[in-house]
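Engineer: As input, take run04.csv (CSV, C-alpha atoms):
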```csv
chain,number,residue,atom,x,y,z
E,1,MET,CA,95.4,-18.6,55.8
E,2,ASN,CA,98.8,-17.8,57.2
E,3,LEU,CA,101.2,-19.0,54.5
E,4,LEU,CA,104.3,-18.5,56.6
E,5,ASN,CA,102.9,-20.7,59.3
E,6,ALA,CA,101.8,-23.2,56.7
E,7,GLY,CA,105.3,-23.4,55.4
E,8,LEU,CA,106.8,-23.7,58.9
E,9,PHE,CA,104.3,-26.3,59.9
E,10,SER,CA,105.1,-28.4,56.7
E,11,LEU,CA,108.8,-28.2,57.5
E,12,ALA,CA,108.2,-29.3,61.1
E,13,ALA,CA,106.0,-32.1,59.9
E,14,ILE,CA,108.7,-33.3,57.5
E,15,VAL,CA,111.3,-33.3,60.3
E,16,LEU,CA,109.1,-34.9,63.0
E,17,LEU,CA,107.4,-37.5,60.8
E,18,GLY,CA,110.4,-38.3,58.6
E,19,SER,CA,112.9,-38.9,61.4
E,20,PRO,CA,113.9,-42.4,62.3
E,21,GLY,CA,111.5,-44.3,64.6
E,22,PRO,CA,109.8,-47.7,64.8
E,23,GLY,CA,107.7,-47.1,61.7
E,24,ILE,CA,110.6,-46.1,59.5
E,25,ALA,CA,112.8,-48.9,60.8
E,26,ALA,CA,110.0,-51.4,59.9
E,27,LEU,CA,109.5,-49.8,56.5
E,28,ILE,CA,113.2,-50.3,55.7
E,29,ALA,CA,113.1,-53.9,56.9
E,30,VAL,CA,110.0,-54.7,54.9
E,31,GLY,CA,111.4,-53.1,51.7
E,32,ARG,CA,114.7,-55.0,52.1
E,33,GLU,CA,112.9,-58.3,52.8
E,34,LYS,CA,109.9,-58.1,50.4
E,35,GLY,CA,110.9,-55.6,47.8
E,36,PHE,CA,108.9,-52.6,46.7
E,37,ALA,CA,105.7,-54.3,45.4
E,38,GLY,CA,105.7,-56.8,48.3
E,39,GLY,CA,106.1,-54.0,50.9
E,40,LEU,CA,103.2,-51.9,49.6
E,41,GLY,CA,100.7,-53.8,51.7
E,42,PHE,CA,102.6,-53.0,54.9
E,43,TYR,CA,103.1,-49.4,53.7
E,44,THR,CA,99.4,-49.0,53.0
E,45,GLY,CA,98.4,-50.4,56.4
E,46,LEU,CA,100.9,-48.1,58.1
E,47,GLN,CA,99.6,-45.0,56.4
E,48,ALA,CA,96.0,-45.9,57.4
E,49,GLY,CA,97.0,-46.4,61.0
E,50,LEU,CA,99.1,-43.2,61.1
E,51,ALA,CA,96.3,-41.2,59.5
E,52,LEU,CA,93.8,-42.5,62.1
E,53,ALA,CA,96.3,-41.7,64.9
E,54,ALA,CA,96.7,-38.1,63.4
E,55,GLY,CA,92.9,-37.8,63.4
E,56,ILE,CA,92.6,-38.9,67.0
E,57,SER,CA,95.3,-36.4,67.9
E,58,ALA,CA,93.7,-33.6,65.9
E,59,ALA,CA,90.3,-34.2,67.5
E,60,GLY,CA,91.8,-34.0,70.9
E,61,LEU,CA,90.6,-37.6,71.7
E,62,PHE,CA,94.0,-38.7,72.8
E,63,SER,CA,93.9,-36.2,75.6
E,64,ILE,CA,90.6,-37.8,76.7
E,65,VAL,CA,92.2,-41.2,76.6
E,66,GLN,CA,95.1,-39.9,78.8
E,67,THR,CA,92.5,-39.1,81.5
E,68,LEU,CA,91.5,-42.7,81.8
E,69,PRO,CA,94.4,-44.5,83.5
E,70,ALA,CA,93.2,-48.1,82.8
E,71,LEU,CA,92.7,-47.5,79.1
E,72,MET,CA,96.0,-45.6,78.8
E,73,THR,CA,97.8,-48.5,80.5
E,74,ALA,CA,96.2,-51.0,78.3
E,75,MET,CA,97.1,-49.1,75.1
E,76,THR,CA,100.7,-48.7,76.4
E,77,ILE,CA,101.0,-52.4,77.1
E,78,LEU,CA,99.6,-53.3,73.7
E,79,ALA,CA,101.9,-50.9,71.9
E,80,THR,CA,104.9,-52.1,73.8
E,81,LEU,CA,104.2,-55.8,73.2
E,82,TYR,CA,103.7,-55.2,69.5
E,83,LEU,CA,106.8,-53.1,69.1
E,84,LEU,CA,108.9,-55.7,70.9
E,85,TYR,CA,107.4,-58.4,68.6
E,86,LEU,CA,108.4,-56.3,65.6
E,87,ALA,CA,111.9,-55.7,67.0
E,88,TYR,CA,112.4,-59.4,67.6
E,89,SER,CA,111.1,-60.3,64.1
E,90,ILE,CA,113.5,-57.9,62.5
E,91,ILE,CA,116.5,-58.9,64.5
E,92,THR,CA,115.9,-62.6,63.9
E,93,ALA,CA,114.9,-62.3,60.2
E,94,PRO,CA,116.9,-64.5,57.9
E,95,VAL,CA,119.9,-62.9,56.1
E,96,GLY,CA,122.0,-63.8,53.1
E,97,VAL,CA,120.6,-66.5,50.8
E,98,GLN,CA,117.8,-67.2,53.3
E,99,SER,CA,116.5,-63.6,53.3
E,100,GLY,CA,112.8,-63.4,52.4
E,101,LYS,CA,112.3,-67.1,53.0
E,102,GLY,CA,110.2,-68.2,55.9
E,103,SER,CA,110.7,-64.9,57.7
E,104,ARG,CA,108.6,-64.3,60.8
E,105,PHE,CA,108.6,-60.6,60.3
E,106,ALA,CA,105.0,-59.3,60.3
E,107,GLY,CA,105.2,-57.2,57.1
E,108,THR,CA,101.5,-57.4,56.4
E,109,THR,CA,98.8,-54.8,55.9
E,110,LEU,CA,97.4,-55.5,59.3
E,111,GLY,CA,100.8,-55.4,60.9
E,112,GLY,CA,101.4,-52.0,59.3
E,113,PHE,CA,98.1,-50.7,60.6
E,114,LEU,CA,98.7,-51.9,64.1
E,115,LEU,CA,102.1,-50.3,64.1
E,116,GLY,CA,100.7,-47.0,62.9
E,117,ILE,CA,97.8,-46.8,65.4
E,118,THR,CA,99.9,-47.9,68.4
E,119,ASN,CA,103.1,-45.9,67.6
E,120,PRO,CA,104.0,-43.8,70.7
E,121,LYS,CA,106.4,-41.6,68.6
E,122,ALA,CA,103.6,-40.8,66.2
E,123,TYR,CA,101.2,-39.6,68.8
E,124,ILE,CA,103.8,-37.4,70.4
E,125,ALA,CA,104.6,-35.9,67.0
E,126,PHE,CA,101.0,-35.4,66.0
E,127,ILE,CA,100.1,-33.7,69.3
E,128,SER,CA,103.1,-31.4,69.1
E,129,LEU,CA,102.2,-30.5,65.5
E,130,MET,CA,98.5,-29.9,66.1
E,131,ALA,CA,99.4,-27.4,68.8
E,132,SER,CA,101.9,-25.5,66.7
E,133,TYR,CA,101.9,-22.8,64.0
E,134,PRO,CA,98.2,-21.8,63.6
E,135,ILE,CA,97.5,-21.9,59.9
E,136,ILE,CA,93.8,-20.7,60.0
E,137,SER,CA,93.5,-18.7,63.2
E,138,ALA,CA,89.8,-17.8,62.8
E,139,ASN,CA,88.6,-21.4,62.6
E,140,THR,CA,90.0,-24.1,64.8
E,141,SER,CA,88.2,-27.0,63.0
E,142,ALA,CA,89.6,-25.8,59.6
E,143,ASP,CA,93.0,-25.3,61.2
E,144,VAL,CA,93.3,-28.9,62.5
E,145,SER,CA,91.8,-30.3,59.3
E,146,VAL,CA,94.4,-28.6,57.2
E,147,LYS,CA,97.1,-29.8,59.6
E,148,TRP,CA,95.8,-33.3,59.4
E,149,LEU,CA,95.9,-33.2,55.6
E,150,VAL,CA,99.5,-31.9,55.5
E,151,CYS,CA,100.6,-34.6,58.0
E,152,VAL,CA,99.0,-37.3,55.8
E,153,MET,CA,100.6,-35.9,52.6
E,154,VAL,CA,104.0,-35.7,54.3
E,155,MET,CA,103.8,-39.3,55.6
E,156,ILE,CA,102.7,-40.7,52.2
E,157,VAL,CA,105.8,-39.1,50.6
E,158,VAL,CA,108.5,-39.7,53.2
E,159,ASP,CA,107.4,-43.2,54.1
E,160,ILE,CA,107.5,-44.3,50.4
E,161,LEU,CA,111.1,-43.0,50.3
E,162,TRP,CA,112.0,-45.0,53.4
E,163,LEU,CA,110.4,-48.2,51.9
E,164,TRP,CA,112.4,-47.6,48.7
E,165,LEU,CA,115.6,-47.2,50.8
E,166,GLY,CA,115.0,-50.7,52.0
E,167,VAL,CA,114.7,-51.9,48.4
E,168,ILE,CA,118.0,-50.2,47.6
E,169,ILE,CA,119.7,-51.9,50.5
E,170,GLN,CA,118.3,-55.2,49.3
E,171,LYS,CA,119.8,-54.7,45.9
E,172,ALA,CA,123.2,-53.8,47.4
E,173,ASN,CA,123.9,-57.5,48.1
E,174,MET,CA,125.3,-56.9,51.6
E,175,LYS,CA,127.3,-59.6,53.4
E,176,PRO,CA,125.3,-61.6,55.9
E,177,GLN,CA,127.2,-60.1,58.8
E,178,ALA,CA,126.4,-56.6,57.6
E,179,GLU,CA,122.8,-57.5,57.1
E,180,ARG,CA,122.6,-59.0,60.6
E,181,GLY,CA,124.1,-55.8,62.0
E,182,LEU,CA,121.6,-53.7,60.1
E,183,ASN,CA,118.8,-55.9,61.4
E,184,ILE,CA,120.0,-55.4,65.0
E,185,VAL,CA,120.2,-51.6,64.6
E,186,MET,CA,116.7,-51.4,63.2
E,187,GLY,CA,115.2,-53.8,65.7
E,188,GLY,CA,117.1,-52.1,68.5
E,189,THR,CA,115.5,-48.8,67.5
E,190,ILE,CA,112.1,-50.2,67.7
E,191,ALA,CA,112.9,-51.9,71.1
E,192,ALA,CA,114.2,-48.7,72.5
E,193,THR,CA,111.0,-46.9,71.4
E,194,ALA,CA,109.0,-49.7,73.1
E,195,PHE,CA,110.8,-49.2,76.4
E,196,ILE,CA,110.4,-45.4,76.2
E,197,ALA,CA,106.7,-46.0,75.9
E,198,LEU,CA,106.7,-47.8,79.2
E,199,ILE,CA,108.4,-44.9,81.1
```
Let me see whether you can do it: turn the structure in this file into structure tokens.

Structural biologist:
Amino acid sequence: MNLLNAGLFSLAAIVLLGSPGPGIAALIAVGREKGFAGGLGFYTGLQAGLALAAGISAAGLFSIVQTLPALMTAMTILATLYLLYLAYSIITAPVGVQSGKGSRFAGTTLGGFLLGITNPKAYIAFISLMASYPIISANTSADVSVKWLVCVMVMIVVDILWLWLGVIIQKANMKPQAERGLNIVMGGTIAATAFIALI
């Protein structure tokens, strides 16, 4: 095992998987809307979806999907529609005293899973990570297995921190105008990712 490459890979995973994107914007929104305990279902679903996406990338299956234009188009359309739905839900979520009441935001376990498995940013990150920094050069299967495990561990830690940030924002008692502005920024981040997926 190459310990230097393992360290470099872990650092790269933290940067790529911990940087803002649709999943992180959604985690912050869910934490702010539902609190920590209420957001754990979405968080768990997201982790399951991302772990599966990482496994698909590690096994090279996403490369096979890319060779099937119809399937790739269908996945892109599904991902885009879901991301746009999330963006709309976050932007239009109630603020102020109405926050958390009757919200249409899909902060469910299934919603988290769908976001994880259809997240274009995640696939790009996983494919890049799996191809970088060989940790176990003599055994490709062991190498991608270790990389998958590191990615999952990194996601579990960084995503729980982003969910907690949403809880902290909730406790900050922001003015409704500031809350609305934050919703627009988070929803806009997701919408931008959705449009990038179409290109």

Engineer: Return the single residue from E:Ala74, E:Ile117, E:Ile168, E:Leu110 that is closest to Leu52 (chain E), with distances computed using only C-alpha atoms.

Structural biologist: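 Checking each of E:Ala74, E:Ile117, E:Ile168, E:Leu110 against Leu52 (chain E), counting only C-alpha atoms, the winner is E:Ile117.
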
Engineer: Using all atoms listed in the file, which of the listed residues (E:Ile156, E:Gly39, E:Leu86, E:Lys147) sits closest to Ser132 (chain E)?

Structural biologist: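 The answer is E:Lys147, which sits nearest to Ser132 (chain E).
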
Engineer: In Å, with one decimal, what is the gap from CA of Gln170 (chain E) to CA of Arg32 (chain E)?

Structural biologist: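 So the answer is 4.6 Å.
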
Engineer: Closest to Leu84 (chain E) among E:Ala138, E:Leu46, E:Leu115, E:Val154, using all atoms listed in the file?

Structural biologist: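 Of the candidates, the smallest distance to Leu84 (chain E) is held by E:Leu115.
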
Engineer: From the list E:Leu129, E:Ile169, E:Leu81, E:Ile160, which residue is nearest Val146 (chain E) when using only C-alpha atoms?

Structural biologist: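 Of E:Leu129, E:Ile169, E:Leu81, E:Ile160, the one nearest Val146 (chain E), counting only C-alpha atoms, is E:Leu129.
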
Engineer: Please list as a list in words every residue within 10 Å of Ile190 (chain E), counting all atoms listed in the file and excluding residues in the same chain fewer than 2 positions away.

Structural biologist: Pro20, Gly21, Pro22, Gly23, Ile24, Ala25, Ala26, Thr80, Tyr82, Leu83, Leu84, Tyr85, Leu86, Ala87, Tyr88, Ile90, Asn119, Ile184, Val185, Met186, Gly187, Gly188, Ala192, Thr193, Ala194, Phe195 and Ile196 of chain E

Engineer: At a cut-off of 12 Å, using only C-alpha atoms, what residues contact Ala59 (chain E)? Leave out same-chain residues fewer than 2 positions from it and give the result as a count of residues only.

Structural biologist: 23

Engineer: With all atoms listed in the file as the basis for distance, which of E:Gly107, E:Pro176, E:Pro134, E:Gly181 is at the shortest distance from Phe9 (chain E)?

Structural biologist: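 Ranked by minimum distance to Phe9 (chain E), first place goes to E:Pro134.
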
Engineer: If I take CA of Ala48 (chain E) and CA of Phe113 (chain E), how far is one from the other in Å, to one decimal?

Structural biologist: 6.1 Å

Engineer: Separation of CA of Thr109 (chain E) and CA of Gly41 (chain E), in Å?

Structural biologist: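 Calculated distance between CA of Thr109 (chain E) and CA of Gly41 (chain E) is 4.7 Å.
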
Engineer: Using all atoms listed in the file, find the one residue out of E:Pro120, E:Gly31, E:Gly166, E:Gly7 that sits nearest to Met72 (chain E).

Structural biologist: E:Pro120

Engineer: For Met155 (chain E), please output as a list in words all residues within 8 Å (counting all atoms listed in the file; exclusion window: fewer than 3 positions along the same chain).

Structural biologist: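 My list of contacting residues is Ile14, Leu17, Gly18, Gln47, Cys151, Val152, Val158 and Asp159 of chain E.
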
Engineer: Write out as a PyMOL selection string each polymer residue whose atoms come within 7 Å of Ile135 (chain E), counting only C-alpha atoms; drop sequence neighbours fewer than 5 positions from it.

Structural biologist: chain E and resi 1-2+5-6+143

Engineer: Report as JSON the centre and the edge lengths, in Å to one decimal, of the axis-aligned box holding every listed atom of region 71-81 of chain E, padded by 6 Å on each side.

Structural biologist:
```
{"center_x": 98.8, "center_y": -50.7, "center_z": 76.2, "size_x": 24.2, "size_y": 22.2, "size_z": 20.6}
```
